[in-house]
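Structure below is input.cif: mmCIF, C-alpha atoms.
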```
data_start
loop_
_atom_site.label_atom_id
_atom_site.label_comp_id
_atom_site.auth_asym_id
_atom_site.auth_seq_id
_atom_site.Cartn_x
_atom_site.Cartn_y
_atom_site.Cartn_z
CA MET A 1 -17.34 12.87 8.49
CA GLY A 2 -14.41 10.46 8.70
CA ALA A 3 -11.27 11.46 10.55
CA TYR A 4 -8.07 12.09 8.62
CA SER A 5 -6.04 8.88 8.40
CA GLU A 6 -2.24 8.80 8.18
CA LEU A 7 -1.63 6.22 5.45
CA VAL A 8 1.45 5.97 3.24
CA LYS A 9 1.22 3.07 0.81
CA THR A 10 4.26 3.78 -1.36
CA PHE A 11 7.21 6.04 -0.65
CA SER A 12 7.54 7.08 -4.31
CA CYS A 13 4.19 8.86 -4.06
CA THR A 14 5.32 10.75 -0.97
CA ARG A 15 8.59 11.66 -2.68
CA ASP A 16 6.70 13.17 -5.61
CA TYR A 17 4.62 15.41 -3.36
CA VAL A 18 7.55 16.56 -1.27
CA ARG A 19 9.65 17.31 -4.33
CA ASP A 20 7.07 18.99 -6.59
CA PHE A 21 5.12 21.05 -4.11
CA PHE A 22 7.47 21.79 -1.25
CA ILE A 23 11.15 21.41 -2.15
CA TYR A 24 10.93 23.19 -5.50
CA GLY A 25 7.95 25.25 -4.32
CA CYS A 26 6.70 25.87 -7.85
CA LYS A 27 3.16 24.47 -7.78
CA VAL A 28 -0.06 25.55 -6.18
CA ARG A 29 -3.19 23.65 -5.26
CA GLU A 30 -4.98 24.52 -8.51
CA GLU A 31 -2.13 23.02 -10.55
CA PHE A 32 -2.43 19.64 -8.87
CA SER A 33 -3.18 17.09 -11.61
CA ARG A 34 -3.18 13.76 -9.75
CA LYS A 35 -6.39 12.27 -8.33
CA SER A 36 -8.25 15.10 -6.56
CA THR A 37 -7.41 18.37 -4.84
CA ARG A 38 -8.41 16.72 -1.56
CA SER A 39 -5.48 14.33 -2.07
CA TYR A 40 -3.23 17.38 -2.33
CA ASP A 41 -4.63 18.76 0.93
CA ASN A 42 -4.04 15.42 2.67
CA GLU A 43 -0.45 15.22 1.43
CA ARG A 44 0.20 18.85 2.36
CA ARG A 45 -1.00 18.24 5.92
CA ARG A 46 1.15 15.12 6.16
CA VAL A 47 4.33 16.86 5.01
CA GLU A 48 3.55 19.86 7.20
CA SER A 49 3.34 17.54 10.22
CA TRP A 50 6.92 16.42 9.51
CA LEU A 51 8.41 19.78 8.56
CA GLY A 52 6.16 22.22 10.41
CA LYS A 53 8.80 24.68 11.61
CA TYR A 54 10.48 24.71 8.20
CA PHE A 55 7.25 25.33 6.30
CA ARG A 56 6.72 28.64 4.52
CA ASN A 57 3.82 29.88 2.44
CA GLU A 58 3.06 32.99 0.45
CA THR A 59 0.24 34.25 -1.70
CA THR A 60 1.15 34.95 -5.33
CA LYS A 61 -0.81 35.75 -8.47
CA ARG A 62 -0.99 32.02 -9.16
CA GLY A 63 -2.33 31.21 -5.70
CA ARG A 64 -1.03 30.16 -2.31
CA GLN A 65 2.34 28.44 -2.53
CA PHE A 66 3.95 26.22 0.10
CA ARG A 67 7.62 25.41 0.30
CA VAL A 68 10.29 24.16 2.66
CA SER A 69 12.82 26.78 3.74
CA VAL A 70 15.68 25.60 5.90
CA ASP A 71 19.31 26.49 6.56
CA SER A 72 20.74 22.99 6.26
CA GLY A 73 23.92 24.04 8.04
CA HIS A 74 21.99 24.62 11.27
CA ILE A 75 20.06 21.37 11.59
CA ALA A 76 21.46 18.38 13.42
CA GLU A 77 19.09 15.77 11.94
CA ASN A 78 17.55 15.63 8.49
CA PRO A 79 13.81 16.35 8.93
CA LEU A 80 12.98 14.55 5.68
CA TYR A 81 13.79 11.22 7.35
CA GLN A 82 10.27 11.48 8.72
CA ALA A 83 9.02 10.54 5.24
CA TYR A 84 10.49 7.06 5.71
CA TYR A 85 8.91 6.54 9.12
CA ALA A 86 5.35 7.29 7.94
CA LYS A 87 4.01 3.85 7.06
CA SER A 88 0.65 2.13 7.24
CA PHE A 89 0.09 -1.00 9.33
CA THR A 90 -2.80 -3.37 9.90
CA ASP A 91 -3.95 -4.33 13.38
CA ASN A 92 -2.27 -7.72 12.94
CA ASP A 93 1.02 -6.05 12.00
CA ILE A 94 1.01 -4.02 15.21
CA GLN A 95 0.05 -6.94 17.43
CA LEU A 96 2.55 -9.36 15.90
CA HIS A 97 5.34 -6.83 16.12
CA PHE A 98 5.14 -6.40 19.87
CA LEU A 99 4.01 -9.90 20.82
CA LEU A 100 6.62 -11.76 18.75
CA LEU A 101 9.47 -9.59 20.02
CA ASP A 102 8.23 -10.17 23.56
CA LEU A 103 8.23 -13.95 23.05
CA LEU A 104 11.69 -13.88 21.47
CA ALA A 105 13.12 -11.74 24.28
CA ASP A 106 14.12 -14.92 26.15
CA GLY A 107 17.01 -15.32 23.68
CA GLN A 108 16.03 -18.88 22.79
CA GLU A 109 15.29 -20.39 19.37
CA HIS A 110 11.67 -21.08 18.47
CA THR A 111 9.87 -22.61 15.52
CA VAL A 112 6.89 -20.97 13.85
CA SER A 113 4.56 -23.57 15.35
CA GLU A 114 5.86 -22.93 18.85
CA LEU A 115 5.47 -19.18 18.52
CA THR A 116 1.97 -19.51 17.10
CA GLU A 117 0.98 -21.71 20.03
CA HIS A 118 2.50 -19.30 22.59
CA LEU A 119 0.62 -16.40 21.02
CA TYR A 120 -2.64 -18.19 21.73
CA LYS A 121 -1.78 -19.54 25.18
CA GLU A 122 -0.12 -16.42 26.62
CA TYR A 123 -1.97 -13.62 24.85
CA ASN A 124 -5.17 -15.31 23.69
CA LYS A 125 -4.40 -14.23 20.11
CA LEU A 126 -5.08 -16.71 17.31
CA PHE A 127 -2.96 -16.24 14.17
CA GLU A 128 -2.39 -18.46 11.18
CA GLU A 129 1.08 -20.00 11.03
CA ARG A 130 1.52 -18.50 7.57
CA SER A 131 1.04 -14.96 8.93
CA VAL A 132 3.57 -15.58 11.71
CA ARG A 133 6.05 -17.14 9.28
CA LEU A 134 5.84 -14.21 6.84
CA LYS A 135 6.32 -11.68 9.64
CA LEU A 136 9.35 -13.55 11.00
CA ARG A 137 10.96 -13.80 7.56
CA GLU A 138 10.38 -10.10 7.08
CA TYR A 139 12.21 -9.45 10.36
CA ALA A 140 14.99 -11.82 9.31
CA LEU A 141 15.56 -9.76 6.17
CA GLU A 142 15.66 -6.61 8.32
CA GLY A 143 18.18 -8.21 10.68
CA LEU A 144 15.89 -8.09 13.73
CA VAL A 145 15.87 -11.86 14.13
CA CYS A 146 18.27 -14.64 13.20
CA LEU A 147 17.06 -17.57 11.12
CA ARG A 148 18.51 -21.10 11.21
CA HIS A 149 17.41 -23.90 8.88
CA GLN A 150 17.61 -27.47 10.18
CA GLY A 151 15.97 -30.28 8.26
CA ARG A 152 12.46 -29.17 7.37
CA SER A 153 12.21 -26.74 10.27
CA TYR A 154 13.15 -23.08 10.61
CA TYR A 155 14.31 -21.71 13.95
CA PHE A 156 14.10 -18.04 14.88
CA ARG A 157 15.71 -16.08 17.70
CA LEU A 158 16.16 -12.42 18.48
CA SER A 159 19.35 -10.94 17.05
CA PRO A 160 21.95 -10.38 19.79
CA ASP A 161 23.44 -7.39 17.95
CA THR A 162 22.33 -4.14 19.59
CA LEU A 163 23.87 -0.68 19.53
CA SER A 164 24.32 -0.60 23.29
CA GLY A 165 26.15 -3.95 23.21
CA LEU A 166 28.39 -3.08 20.26
CA ALA A 167 29.16 0.41 21.58
CA GLY A 168 30.77 -1.18 24.62
CA GLN A 169 33.06 -3.23 22.36
CA PHE A 170 33.90 -0.43 19.94
CA PRO A 171 34.41 2.98 21.59
CA GLY A 172 33.32 5.84 19.35
CA LEU A 173 30.83 3.70 17.41
CA THR A 174 27.89 5.86 18.47
CA ASP A 175 29.60 9.03 17.24
CA ALA A 176 30.46 7.30 13.96
CA ILE A 177 26.77 6.45 13.46
CA ARG A 178 25.79 10.05 14.27
CA PHE A 179 28.19 11.28 11.60
CA PHE A 180 27.10 8.66 9.06
CA SER A 181 23.41 9.48 9.57
CA GLU A 182 23.88 13.00 8.17
CA ILE A 183 26.72 12.78 5.65
CA GLN A 184 26.39 9.50 3.75
CA PRO A 185 23.85 8.04 1.31
CA PHE A 186 21.29 5.88 3.15
CA GLY A 187 21.79 7.97 6.28
CA ILE A 188 18.27 6.90 7.25
CA ILE A 189 19.87 3.62 8.41
CA GLY A 190 22.07 5.43 10.93
CA ASN A 191 19.16 7.61 12.02
CA SER A 192 17.00 4.51 12.58
CA ILE A 193 19.70 2.91 14.73
CA LEU A 194 19.94 6.05 16.85
CA ARG A 195 16.17 6.26 17.24
CA SER A 196 16.02 2.62 18.36
CA GLU A 197 18.30 3.53 21.28
CA ARG A 198 16.61 6.91 21.86
CA LEU A 199 19.76 8.78 20.85
CA ARG A 200 20.11 11.92 18.76
CA ASN A 201 22.85 13.61 16.78
CA LYS A 202 24.01 16.56 18.89
CA HIS A 203 27.65 16.62 17.81
CA PHE A 204 27.81 17.20 14.04
CA LEU A 205 26.54 20.05 11.86
CA MET A 206 27.22 19.96 8.11
CA LYS A 207 27.87 23.30 6.42
CA HIS A 208 26.71 21.92 3.06
CA ASN A 209 24.10 19.38 4.03
CA TYR A 210 22.01 18.46 0.99
CA ILE A 211 19.04 17.10 2.90
CA VAL A 212 16.90 16.63 -0.22
CA ARG A 213 19.13 13.77 -1.39
CA THR A 214 17.58 11.40 1.11
CA LEU A 215 14.46 11.36 -1.09
CA GLU A 216 16.56 9.76 -3.84
CA ASP A 217 17.99 6.94 -1.74
CA GLU A 218 15.16 4.50 -2.50
CA VAL A 219 15.95 4.87 -6.21
CA LEU A 220 19.70 4.79 -5.55
CA VAL A 221 19.59 1.41 -3.80
CA ASN A 222 17.93 -0.18 -6.86
CA ILE A 223 20.54 1.37 -9.15
CA LEU A 224 23.43 0.09 -7.03
CA ASP A 225 21.85 -3.36 -6.95
CA ALA A 226 21.69 -3.39 -10.77
CA MET A 227 25.33 -2.27 -10.96
CA HIS A 228 26.36 -5.05 -8.58
CA LYS A 229 24.50 -7.63 -10.69
CA LYS A 230 25.76 -6.05 -13.96
CA CYS A 231 22.29 -6.12 -15.43
CA TRP A 232 20.13 -3.71 -17.41
CA LEU A 233 18.02 -1.11 -15.65
CA ARG A 234 14.61 0.28 -16.60
CA VAL A 235 14.41 3.90 -15.46
CA THR A 236 11.33 6.10 -15.52
CA VAL A 237 12.33 9.74 -15.79
CA PHE A 238 10.18 12.84 -15.79
CA ARG A 239 10.41 16.49 -16.67
CA SER A 240 8.31 18.66 -14.40
CA THR A 241 6.95 21.93 -15.74
CA ILE A 242 5.43 24.94 -14.03
CA SER A 243 2.17 24.24 -15.84
CA GLY A 244 1.76 21.19 -13.62
CA SER A 245 1.96 18.50 -16.30
CA ASP A 246 4.50 15.73 -15.83
CA GLU A 247 5.90 14.04 -18.89
CA GLU A 248 7.23 10.60 -18.02
CA ARG A 249 9.16 8.19 -20.20
CA ALA A 250 10.72 4.80 -19.57
CA GLN A 251 14.18 3.96 -20.89
CA MET A 252 16.51 0.99 -20.78
CA CYS A 253 20.07 1.70 -19.77
CA LEU A 254 23.15 0.02 -18.31
CA PRO A 255 24.10 1.67 -14.97
CA LEU A 256 27.85 2.17 -14.63
CA CYS A 257 28.57 4.71 -11.88
CA ILE A 258 27.15 7.45 -9.66
CA ASN A 259 28.69 10.93 -9.81
CA THR A 260 28.08 13.66 -7.24
CA SER A 261 28.54 17.38 -7.86
CA SER A 262 30.67 18.99 -5.17
CA GLN A 263 29.12 22.38 -6.03
CA THR A 264 25.38 21.66 -6.09
CA GLY A 265 25.20 18.32 -4.29
CA ARG A 266 23.21 16.82 -7.15
CA ARG A 267 23.78 13.15 -7.90
CA TYR A 268 23.83 11.63 -11.37
CA LEU A 269 23.52 8.13 -12.73
CA ILE A 270 26.04 7.63 -15.54
CA ALA A 271 24.75 4.87 -17.82
CA TYR A 272 25.14 3.47 -21.30
CA GLN A 273 22.02 4.08 -23.40
CA PRO A 274 21.69 1.42 -26.13
CA GLU A 275 18.99 3.36 -27.98
CA PHE A 276 21.50 6.02 -29.02
CA GLY A 277 24.71 4.06 -28.52
CA GLN A 278 26.27 6.52 -26.07
CA PHE A 279 26.73 7.37 -22.41
CA LYS A 280 24.17 9.55 -20.70
CA ALA A 281 23.77 11.20 -17.29
CA TYR A 282 20.46 11.06 -15.43
CA ARG A 283 19.83 13.36 -12.48
CA LEU A 284 18.69 11.17 -9.61
CA ASP A 285 16.01 13.64 -8.53
CA TYR A 286 14.51 13.34 -12.05
CA ILE A 287 14.24 9.55 -11.82
CA LYS A 288 10.79 8.48 -10.70
CA ALA A 289 11.55 4.75 -10.59
CA ALA A 290 14.46 2.42 -11.32
CA ASP A 291 13.87 -1.31 -11.73
CA ALA A 292 16.64 -3.81 -12.37
CA VAL A 293 16.08 -6.49 -15.01
CA PRO A 294 17.95 -9.40 -13.37
CA ASP A 295 17.20 -11.80 -16.24
CA GLU A 296 18.97 -9.49 -18.69
CA LYS A 297 22.57 -9.41 -17.53
CA CYS A 298 24.98 -7.64 -19.84
CA PRO A 299 27.93 -9.85 -20.87
CA ASP A 300 29.84 -6.75 -22.05
CA TYR A 301 29.38 -4.80 -18.81
CA ASP A 302 33.11 -4.61 -18.04
CA THR A 303 33.81 -3.41 -21.60
CA TYR A 304 31.35 -0.52 -21.27
CA ALA A 305 32.76 0.32 -17.83
CA ALA A 306 36.27 0.52 -19.30
CA GLN A 307 35.02 2.76 -22.13
CA LEU A 308 33.42 5.05 -19.56
CA ARG A 309 36.69 5.36 -17.63
CA GLU A 310 38.39 6.43 -20.85
CA ALA A 311 35.63 8.96 -21.62
CA LEU A 312 35.33 10.63 -18.19
CA PRO A 313 38.59 12.64 -18.49
CA HIS A 314 36.96 14.43 -21.45
CA VAL A 315 33.76 15.37 -19.59
CA PHE A 316 33.72 18.70 -17.75
CA SER A 317 30.40 18.11 -16.02
CA VAL A 318 27.94 15.41 -17.15
CA SER A 319 27.56 15.83 -20.91
CA PHE A 320 29.14 13.29 -23.26
CA GLY A 321 28.16 15.18 -26.41
CA LYS A 322 26.55 13.44 -29.35
CA ALA A 323 27.18 9.84 -30.31
CA GLY A 324 30.29 9.38 -32.44
CA GLU A 325 31.79 12.77 -31.60
CA HIS A 326 35.43 13.10 -30.59
CA PRO A 327 36.82 15.41 -27.90
CA GLU A 328 37.44 18.97 -29.08
CA PRO A 329 40.35 21.02 -27.72
CA LEU A 330 39.48 24.28 -26.01
CA ARG A 331 42.29 26.70 -25.10
CA VAL A 332 41.89 29.75 -22.90
CA THR A 333 44.78 32.18 -22.37
CA LEU A 334 44.63 34.21 -19.16
CA HIS A 335 46.59 37.09 -17.68
CA ILE A 336 47.13 36.53 -13.96
CA PRO A 337 49.37 39.07 -12.18
CA ARG A 338 51.84 37.68 -9.69
CA LYS A 339 50.14 39.51 -6.83
CA GLU A 340 46.93 37.57 -7.61
CA SER A 341 48.36 34.12 -7.02
CA TYR A 342 45.08 33.08 -5.39
CA VAL A 343 43.46 33.24 -8.84
CA LEU A 344 46.06 30.81 -10.19
CA THR A 345 45.42 28.51 -7.21
CA ARG A 346 41.70 28.55 -7.98
CA LEU A 347 42.37 27.94 -11.68
CA GLN A 348 44.48 24.88 -10.94
CA ARG A 349 41.95 23.58 -8.43
CA GLU A 350 38.87 23.98 -10.64
CA CYS A 351 40.11 23.10 -14.13
CA ARG A 352 39.12 19.46 -13.46
CA CYS A 353 40.17 17.42 -16.49
CA GLY A 354 42.17 20.28 -18.05
CA THR A 355 45.82 21.27 -17.81
CA VAL A 356 47.32 24.63 -16.83
CA GLU A 357 50.58 25.75 -18.44
CA GLN A 358 52.53 28.96 -17.94
CA VAL A 359 53.27 30.44 -21.38
CA GLY A 360 54.53 33.87 -20.34
CA LYS A 361 55.65 35.93 -17.35
CA GLU A 362 52.10 36.39 -16.09
CA THR A 363 50.28 34.46 -18.80
CA TYR A 364 48.74 31.01 -18.45
CA CYS A 365 47.01 28.70 -20.89
CA VAL A 366 44.25 26.29 -19.88
CA THR A 367 43.71 23.37 -22.27
CA LEU A 368 40.57 21.25 -22.14
CA ASP A 369 39.76 18.31 -24.43
CA LEU A 370 36.00 17.89 -24.09
CA TYR A 371 33.13 16.09 -25.78
CA ASP A 372 30.95 19.10 -25.04
CA PRO A 373 33.03 22.31 -24.74
CA GLN A 374 29.90 24.36 -23.99
CA GLU A 375 29.79 22.85 -20.49
CA ALA A 376 33.00 24.68 -19.56
CA PHE A 377 31.81 28.13 -20.68
CA PRO A 378 29.99 29.12 -17.45
CA TRP A 379 33.22 28.40 -15.56
CA ILE A 380 35.38 30.20 -18.12
CA ARG A 381 33.18 33.33 -17.86
CA THR A 382 34.15 33.68 -14.20
CA PHE A 383 37.64 34.71 -15.45
CA THR A 384 36.25 37.26 -17.95
CA CYS A 385 38.41 40.21 -16.93
CA ARG A 386 41.58 38.09 -17.28
CA ILE A 387 40.86 36.31 -20.59
CA LEU A 388 43.28 37.24 -23.39
CA SER A 389 42.07 34.76 -26.02
CA LEU A 390 39.74 31.82 -26.55
CA GLU A 391 40.50 29.16 -29.15
CA GLY A 392 38.93 25.88 -30.12
CA GLY A 393 35.37 24.69 -29.91
CA THR A 394 32.97 25.68 -32.67
CA GLU A 395 32.57 29.10 -34.22
CA GLU A 396 29.00 29.15 -32.92
CA LEU A 397 30.22 28.72 -29.34
CA ARG A 398 32.91 31.36 -29.71
CA GLN A 399 30.37 33.78 -31.15
CA LEU A 400 28.03 33.06 -28.27
CA PHE A 401 30.88 33.85 -25.87
CA ARG A 402 31.53 37.17 -27.64
CA ASP A 403 27.83 38.01 -27.61
CA ASP A 404 27.73 37.44 -23.88
CA LEU A 405 30.65 39.81 -23.39
CA TYR A 406 28.96 42.50 -25.50
CA ALA A 407 25.74 42.06 -23.53
CA MET A 408 27.63 42.42 -20.27
CA ALA A 409 29.44 45.49 -21.53
CA GLN A 410 26.13 47.08 -22.53
CA LEU A 411 24.72 46.24 -19.13
CA TYR A 412 27.54 48.24 -17.53
CA GLU A 413 27.19 50.99 -20.17
CA GLU A 414 30.63 50.60 -21.68
CA GLU A 415 31.08 52.62 -24.90
CA ASN A 416 34.21 51.13 -26.36
CA HIS A 417 34.19 47.35 -27.04
CA ASP A 418 37.05 47.18 -29.57
CA ASP A 419 39.08 44.95 -27.26
CA ILE A 420 36.53 42.12 -27.50
CA SER A 421 37.73 39.65 -30.15
#
```
Serialized structure, structure tokens:
Amino acid sequence: MGAYSELVKTFSCTRDYVRDFFIYGCKVREEFSRKSTRSYDNERRRVESWLGKYFRNETTKRGRQFRVSVDSGHIAENPLYQAYYAKSFTDNDIQLHFLLLDLLADGQEHTVSELTEHLYKEYNKLFEERSVRLKLREYALEGLVCLRHQGRSYYFRLSPDTLSGLAGQFPGLTDAIRFFSEIQPFGIIGNSILRSERLRNKHFLMKHNYIVRTLEDEVLVNILDAMHKKCWLRVTVFRSTISGSDEERAQMCLPLCINTSSQTGRRYLIAYQPEFGQFKAYRLDYIKAADAVPDEKCPDYDTYAAQLREALPHVFSVSFGKAGEHPEPLRVTLHIPRKESYVLTRLQRECRCGTVEQVGKETYCVTLDLYDPQEAFPWIRTFTCRILSLEGGTEELRQLFRDDLYAMAQLYEEENHDDIS
């Protein structure tokens, strides 16, 4: 029987397993629909090797469920970075990695031919020049080596930029990298730099550390590249269901900006969708793949970007309503006693694109002009005991609001609901 082999061919596959089976914790082995159940067992063991102490499992009616359970405010380093470090290498990859870096450690420039010859003379390893050239160009893209082109020859030397050298020139740089590694998109870069110098983050703990977002960074970098090039983007989105089936669909869109929710930590791609002629928000954790179409640059990119800037003040969360719709005013009148000034402070802080106006001694009116007024209703309900009136929106939405109040009153066994109007 063959031994278990740690092989990760594509990160997107790993991201799917981590997300579907462990982060959301909603699937069991029997619901696995890709390849075979043995593949599920292999992936489960792999993820468990990264996140062992954060792994939880329980037996339910549907079967044994695994999930990741972690208090993100008490971890110094994101454990999901391990997903990026699990890669597969050939024997030649491993040998070239160490031998080439050893040859380049003299700080001198070398051609591919010279390095190939040294590999044979000093280590008795025979490689094709093409293999050595491809490996060196790969390292040049990663910034490990510097490349200089002269005539028909390419010269390579080890990059002089190291963390230990730069830290001496810029005091506090190491701490800045520690902070960056846990708070910013692409924090894996900072974590990799620290690991290369055998350093760890022991200084910073984030109260609201959304560690799952690192799984989206591979998609995010493609989106940002398409935005920089002002070209169209082909996104593959999915909708996971508890039944285990994944419905995927590919769409063309024009990426314009990335929005982040300060409440949930979720990130959204805001893009123009030509199929429906409107703006749309895509949750990044629902995007399976994002591929730029560099040959299809949009000449009207700046025009769409300007239109989005005009539309965003009328969006409470991420919904732009239906195509062709205009913003609808929504007015909420609240009674806030003077002794509860903290409520007014919260109202002013959270009304986002709305305005707050004092219309009476202890009466305030919040006005929102939104493409989709329904998005504001969950927030409005948090002021239920202080709401005097609700105007605007559609009659259907207002009726839904009244129905919710009746349902809440019944839940608390109130007998008289005549004040609900």
Practice item. Could you expand the PyMOL selection byres ((chain A and resi 255) around 12) into the explicit residues it covers here, written as a ChimeraX atom specification? Key: /A:220,222-235,251-254,256-259,268-274,279-282,290-293,297-298,301-302,304-305,308
Within 12 Å of segment 90-108 of chain A, which residues of segment 157-193 of chain A show up? Give each one with its shortest atom-to-atom distance in Å (one decimal) and the two atoms involved, counting all atoms listed in the file, rows by chain then rising residue number, as CSV.
```
residue,atom,partner,partner_atom,distance
A:Arg157,CA,A:Gln108,CA,5.8
A:Leu158,CA,A:Leu104,CA,5.6
A:Ser159,CA,A:Gly107,CA,8.3
A:Pro160,CA,A:Gly107,CA,8.0
A:Asp161,CA,A:Gly107,CA,11.7
```
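Residue nearest Leu397 of chain A, chosen from A:Leu347, A:Cys385, A:Ile183, A:Ala376 and counting all atoms listed in the file: A:Ala376.
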Selection in question (the file shown): the PyMOL selection byres ((chain A and resi 131-134) around 10). Which residues does it include, as a PDB file with C-alpha atoms, in the coordinates of the input?
```pdb
ATOM      1  CA  ASN A  92      -2.270  -7.720  12.940  1.00  0.00           C
ATOM      2  CA  ASP A  93       1.020  -6.050  12.000  1.00  0.00           C
ATOM      3  CA  LEU A  96       2.550  -9.360  15.900  1.00  0.00           C
ATOM      4  CA  HIS A  97       5.340  -6.830  16.120  1.00  0.00           C
ATOM      5  CA  LEU A 100       6.620 -11.760  18.750  1.00  0.00           C
ATOM      6  CA  THR A 111       9.870 -22.610  15.520  1.00  0.00           C
ATOM      7  CA  VAL A 112       6.890 -20.970  13.850  1.00  0.00           C
ATOM      8  CA  SER A 113       4.560 -23.570  15.350  1.00  0.00           C
ATOM      9  CA  LEU A 115       5.470 -19.180  18.520  1.00  0.00           C
ATOM     10  CA  THR A 116       1.970 -19.510  17.100  1.00  0.00           C
ATOM     11  CA  LEU A 119       0.620 -16.400  21.020  1.00  0.00           C
ATOM     12  CA  PHE A 127      -2.960 -16.240  14.170  1.00  0.00           C
ATOM     13  CA  GLU A 128      -2.390 -18.460  11.180  1.00  0.00           C
ATOM     14  CA  GLU A 129       1.080 -20.000  11.030  1.00  0.00           C
ATOM     15  CA  ARG A 130       1.520 -18.500   7.570  1.00  0.00           C
ATOM     16  CA  LYS A 135       6.320 -11.680   9.640  1.00  0.00           C
ATOM     17  CA  LEU A 136       9.350 -13.550  11.000  1.00  0.00           C
ATOM     18  CA  ARG A 137      10.960 -13.800   7.560  1.00  0.00           C
ATOM     19  CA  GLU A 138      10.380 -10.100   7.080  1.00  0.00           C
ATOM     20  CA  TYR A 139      12.210  -9.450  10.360  1.00  0.00           C
ATOM     21  CA  ALA A 140      14.990 -11.820   9.310  1.00  0.00           C
ATOM     22  CA  TYR A 154      13.150 -23.080  10.610  1.00  0.00           C
ATOM     23  CA  PHE A 156      14.100 -18.040  14.880  1.00  0.00           C
TER      24      PHE A 156
END
```
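With all atoms listed in the file as the atoms that count, the residue of A:Thr333, A:Asn42, A:Thr382, A:Thr260 with the shortest distance to Thr367 of chain A is A:Thr333.
In this comparison, which uses all atoms listed in the file, the residue of A:Asp16, A:Asp285, A:Asp369, A:Glu109 approaching Glu216 of chain A most closely is A:Asp285.
Atom CA of Pro378 of chain A sits 13.6 Å away from atom CA of Leu390 of chain A.
Proximity of A:Ile287, A:Leu194, A:Met206, A:Leu199 to Phe238 of chain A, computed with only C-alpha atoms, is greatest for A:Ile287.
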